[in-house]
Amino acid sequence: MTLFSESIPNSPIARVAAFPMRAADVVRYDARVLTQSVRWLVRSREHTNYTFDLTSLNLEHLAWWVADAASVPVDGIREYIAEAANDARLREHVRVATLASSRRHLADGEVRLHKRLGWYALVRALRPAHVVETGTDKGLGSVVLAAALLRNGFGRLTTMDVNRQAGYLIQHDYAAVTTRIVGDSLRAIADLSDPVDFFLHDSLHTREHELAEYEAAAPLLSEKAIVLSDNAHATDALPSWAEATGRRFSYFQERPVGHWYPGGGIGLAQSSRP
Ligand SMILES: C[S@@+](CC[C@H](N)C(=O)[O-])C[C@H]1O[C@@H](n2cnc3c(N)ncnc32)[C@H](O)[C@@H]1O
């Protein structure tokens with residue numbers, strides 16, 4: 001090791017000499033991903049829109065990112081994240097409704113909220129009157145957003161999906177603060193009339209569709225509205241739109257615990273600081 005660290009790095013054979021060490025690092029990493037993949041294939045039922053927990057360090061980074069976006073102290077954001085993570089009623093509702101649904105064969109009973117904890121904390125901190133979510137799917141994001149609105153004591157969620165079977169988790173008081181729309185998001189946004197304080201793109205994840213949603217929503221956005229993307233790890237649609245409209249952009253990257261999927265992220269555009 002001493003020989004390697006002192007003389008070999010400067011010699012012409014350095015690359016060859018380092019190969020076994022480098023290969024061992026790659027094999028260790030790939031073996032871990034392969035083990036996680038096989039375990040997930042056997043244990044999980046999910047085929048899309050994967051759910052997982054975030055590492056504790058990643059949750060701490062999420063708290064600081066939300067605190068900066070909302071311009072509030074981080075300790076309050078940690079409390080909001082814990083509030084959602086420990087919401088026994090929400091977890092039990094999602095578990096029971098999932099097991100009772102016709103799609104239970106492709107959904108896991110265990111409730112894992114990952115980036116939705118960030119959505120929840122943002123709604124709690126910013127207290128929007130109108131939240132719009134494009135792409136409802138099972139309704140997991142919808143009930144998390146609705147739970148935050150219920151804790152705030154005011155505000156409504158509008159969620160939209162082309163699939164008429166989407167949204168089976170939206171029941172009970174979560175449904176009382178939620179308007180569900182079945183149809184293409186671009187048409188549904190064009191039909192909205194109330195100002196929007198919190199807009200979340202999570203529908204068709206192409207750059208064109210994502211950008212078209214921001215352009216359709218723009219006239220409805222209130223002065224301090226925030227615009228989130230669930231696709232910002234895959235396209236530059238939100239940073240491009242943010243720059244073109246004079247907003248600032250930031251991004252949070254998920255780090256899953258024990259999952260082969262490397263995680264997505266949350267893109268956020270908001271008005272520039274004065
Ligand atoms: C990633 S899932 C949404 C996940 C959900 N927001 C959550 O937090 O669990 C994407 C959803 O977008 C819907 N979708 C796809 N194209 C759409 C479109 N053009 N308009 C509205 N919804 C669309 C799909 O049917 C699918 O249910």
# chains A, B, ... in the order shown; residues from 1 in each chain; ligands from 1
>>> residues_near_ligand(ligand="ligand 1", cutoff="7 Å", atoms="only C-alpha atoms and all ligand atoms", output="MDAnalysis selection string")
chainID A and resid 49 116 133:142 160:163 166 183:186 202:204
>>> write_last_selection(atoms="N, CA and C atoms", output="mmCIF file, in the first residue's frame")
data_model
loop_
_atom_site.group_PDB
_atom_site.id
_atom_site.type_symbol
_atom_site.label_atom_id
_atom_site.label_comp_id
_atom_site.auth_asym_id
_atom_site.auth_seq_id
_atom_site.Cartn_x
_atom_site.Cartn_y
_atom_site.Cartn_z
ATOM 1 N N ASN A 49 -43.856 3.862 -10.832
ATOM 2 C CA ASN A 49 -44.080 4.810 -9.741
ATOM 3 C C ASN A 49 -43.632 4.200 -8.403
ATOM 4 N N ARG A 116 -42.574 12.707 -1.484
ATOM 5 C CA ARG A 116 -43.849 13.316 -1.101
ATOM 6 C C ARG A 116 -43.756 13.960 0.283
ATOM 7 N N GLU A 133 -52.194 19.241 -8.863
ATOM 8 C CA GLU A 133 -51.311 18.101 -9.144
ATOM 9 C C GLU A 133 -51.739 17.498 -10.477
ATOM 10 N N THR A 134 -50.819 17.418 -11.447
ATOM 11 C CA THR A 134 -51.161 16.729 -12.696
ATOM 12 C C THR A 134 -50.606 15.308 -12.590
ATOM 13 N N GLY A 135 -51.451 14.300 -12.866
ATOM 14 C CA GLY A 135 -51.042 12.905 -12.711
ATOM 15 C C GLY A 135 -51.401 12.432 -11.313
ATOM 16 N N THR A 136 -52.539 11.743 -11.212
ATOM 17 C CA THR A 136 -53.042 11.304 -9.898
ATOM 18 C C THR A 136 -52.550 9.914 -9.553
ATOM 19 N N ASP A 137 -52.538 9.023 -10.545
ATOM 20 C CA ASP A 137 -52.232 7.587 -10.357
ATOM 21 C C ASP A 137 -53.076 7.035 -9.199
ATOM 22 N N LYS A 138 -52.474 6.318 -8.272
ATOM 23 C CA LYS A 138 -53.262 5.711 -7.187
ATOM 24 C C LYS A 138 -53.887 6.789 -6.294
ATOM 25 N N GLY A 139 -53.225 7.966 -6.260
ATOM 26 C CA GLY A 139 -53.697 9.034 -5.367
ATOM 27 C C GLY A 139 -52.818 9.169 -4.136
ATOM 28 N N LEU A 140 -51.628 8.556 -4.167
ATOM 29 C CA LEU A 140 -50.747 8.629 -2.997
ATOM 30 C C LEU A 140 -50.280 10.071 -2.760
ATOM 31 N N GLY A 141 -49.815 10.716 -3.842
ATOM 32 C CA GLY A 141 -49.416 12.122 -3.704
ATOM 33 C C GLY A 141 -50.605 12.975 -3.295
ATOM 34 N N SER A 142 -51.770 12.663 -3.862
ATOM 35 C CA SER A 142 -52.972 13.467 -3.566
ATOM 36 C C SER A 142 -53.324 13.410 -2.081
ATOM 37 N N MET A 160 -55.589 15.707 -11.465
ATOM 38 C CA MET A 160 -56.134 15.322 -12.778
ATOM 39 C C MET A 160 -55.352 14.144 -13.361
ATOM 40 N N ASP A 161 -56.075 13.267 -14.065
ATOM 41 C CA ASP A 161 -55.415 12.100 -14.666
ATOM 42 C C ASP A 161 -56.261 11.628 -15.846
ATOM 43 N N VAL A 162 -55.606 11.171 -16.911
ATOM 44 C CA VAL A 162 -56.334 10.629 -18.069
ATOM 45 C C VAL A 162 -57.006 9.301 -17.737
ATOM 46 N N ASN A 163 -56.471 8.604 -16.744
ATOM 47 C CA ASN A 163 -56.984 7.272 -16.399
ATOM 48 C C ASN A 163 -58.166 7.412 -15.443
ATOM 49 N N ALA A 166 -57.848 6.130 -11.897
ATOM 50 C CA ALA A 166 -56.854 6.742 -10.992
ATOM 51 C C ALA A 166 -57.550 7.343 -9.766
ATOM 52 N N GLY A 183 -59.150 13.386 -17.349
ATOM 53 C CA GLY A 183 -58.922 13.963 -18.675
ATOM 54 C C GLY A 183 -57.480 14.383 -18.838
ATOM 55 N N ASP A 184 -57.154 14.805 -20.038
ATOM 56 C CA ASP A 184 -55.796 15.251 -20.332
ATOM 57 C C ASP A 184 -55.480 16.518 -19.522
ATOM 58 N N SER A 185 -54.273 16.571 -18.967
ATOM 59 C CA SER A 185 -53.929 17.680 -18.070
ATOM 60 C C SER A 185 -53.965 19.030 -18.783
ATOM 61 N N LEU A 186 -53.578 19.080 -20.058
ATOM 62 C CA LEU A 186 -53.522 20.386 -20.727
ATOM 63 C C LEU A 186 -54.927 20.981 -20.851
ATOM 64 N N ASP A 202 -46.724 15.993 -12.550
ATOM 65 C CA ASP A 202 -46.393 14.572 -12.316
ATOM 66 C C ASP A 202 -47.246 13.692 -13.239
ATOM 67 N N SER A 203 -47.417 14.138 -14.512
ATOM 68 C CA SER A 203 -48.275 13.367 -15.431
ATOM 69 C C SER A 203 -47.416 12.718 -16.512
ATOM 70 N N LEU A 204 -47.613 13.115 -17.750
ATOM 71 C CA LEU A 204 -46.864 12.531 -18.862
ATOM 72 C C LEU A 204 -45.454 13.132 -18.865
#
>>> residues_around(residues="Arg39 of chain A", least_positions_apart="6", cutoff="10 Å", atoms="only C-alpha atoms", output="ChimeraX atom specification")
/A:33,258-260
>>> closest_residue(among="A:Val131, A:Ala234, A:Val26, A:Ala147", to="Thr159 of chain A", atoms="only C-alpha atoms")
A:Val131
>>> residues_around(residues="Val66 of chain A", least_positions_apart="5", cutoff="12 Å", atoms="only C-alpha atoms", output="PyMOL selection string")
chain A and resi 59-61+71-81+115-126+226+228+250-252+266-268
>>> residues_around(residues="Gln171 of chain A", least_positions_apart="3", cutoff="12 Å", atoms="only C-alpha atoms", output="list in words")
Leu90, His93, Val94, Val96, Ala97, Thr98, Lys138, Gly139, Leu140, Ser142, Val143, Ala146, Ala147, Gly167, Tyr168, Tyr174, Ala175, Ala176, Val177, Thr178, Thr179 and Arg180 of chain A
>>> select_by_dssp(residues="segment 94-159 of chain A", states="strand (DSSP E)", output="MDAnalysis selection string")
chainID A and resid 130:134 156:159
>>> select_by_dssp(residues="segment 71-260 of chain A", states="alpha helix (DSSP H)", output="count of residues only")
79
>>> closest_residue(among="A:Asp230, A:Glu6, A:Glu254, A:Glu215", to="Asp53 of chain A", atoms="only C-alpha atoms")
A:Glu254
>>> closest_residue(among="A:Leu220, A:Val38, A:Val144, A:Val111", to="Asp197 of chain A", atoms="only C-alpha atoms")
A:Leu220
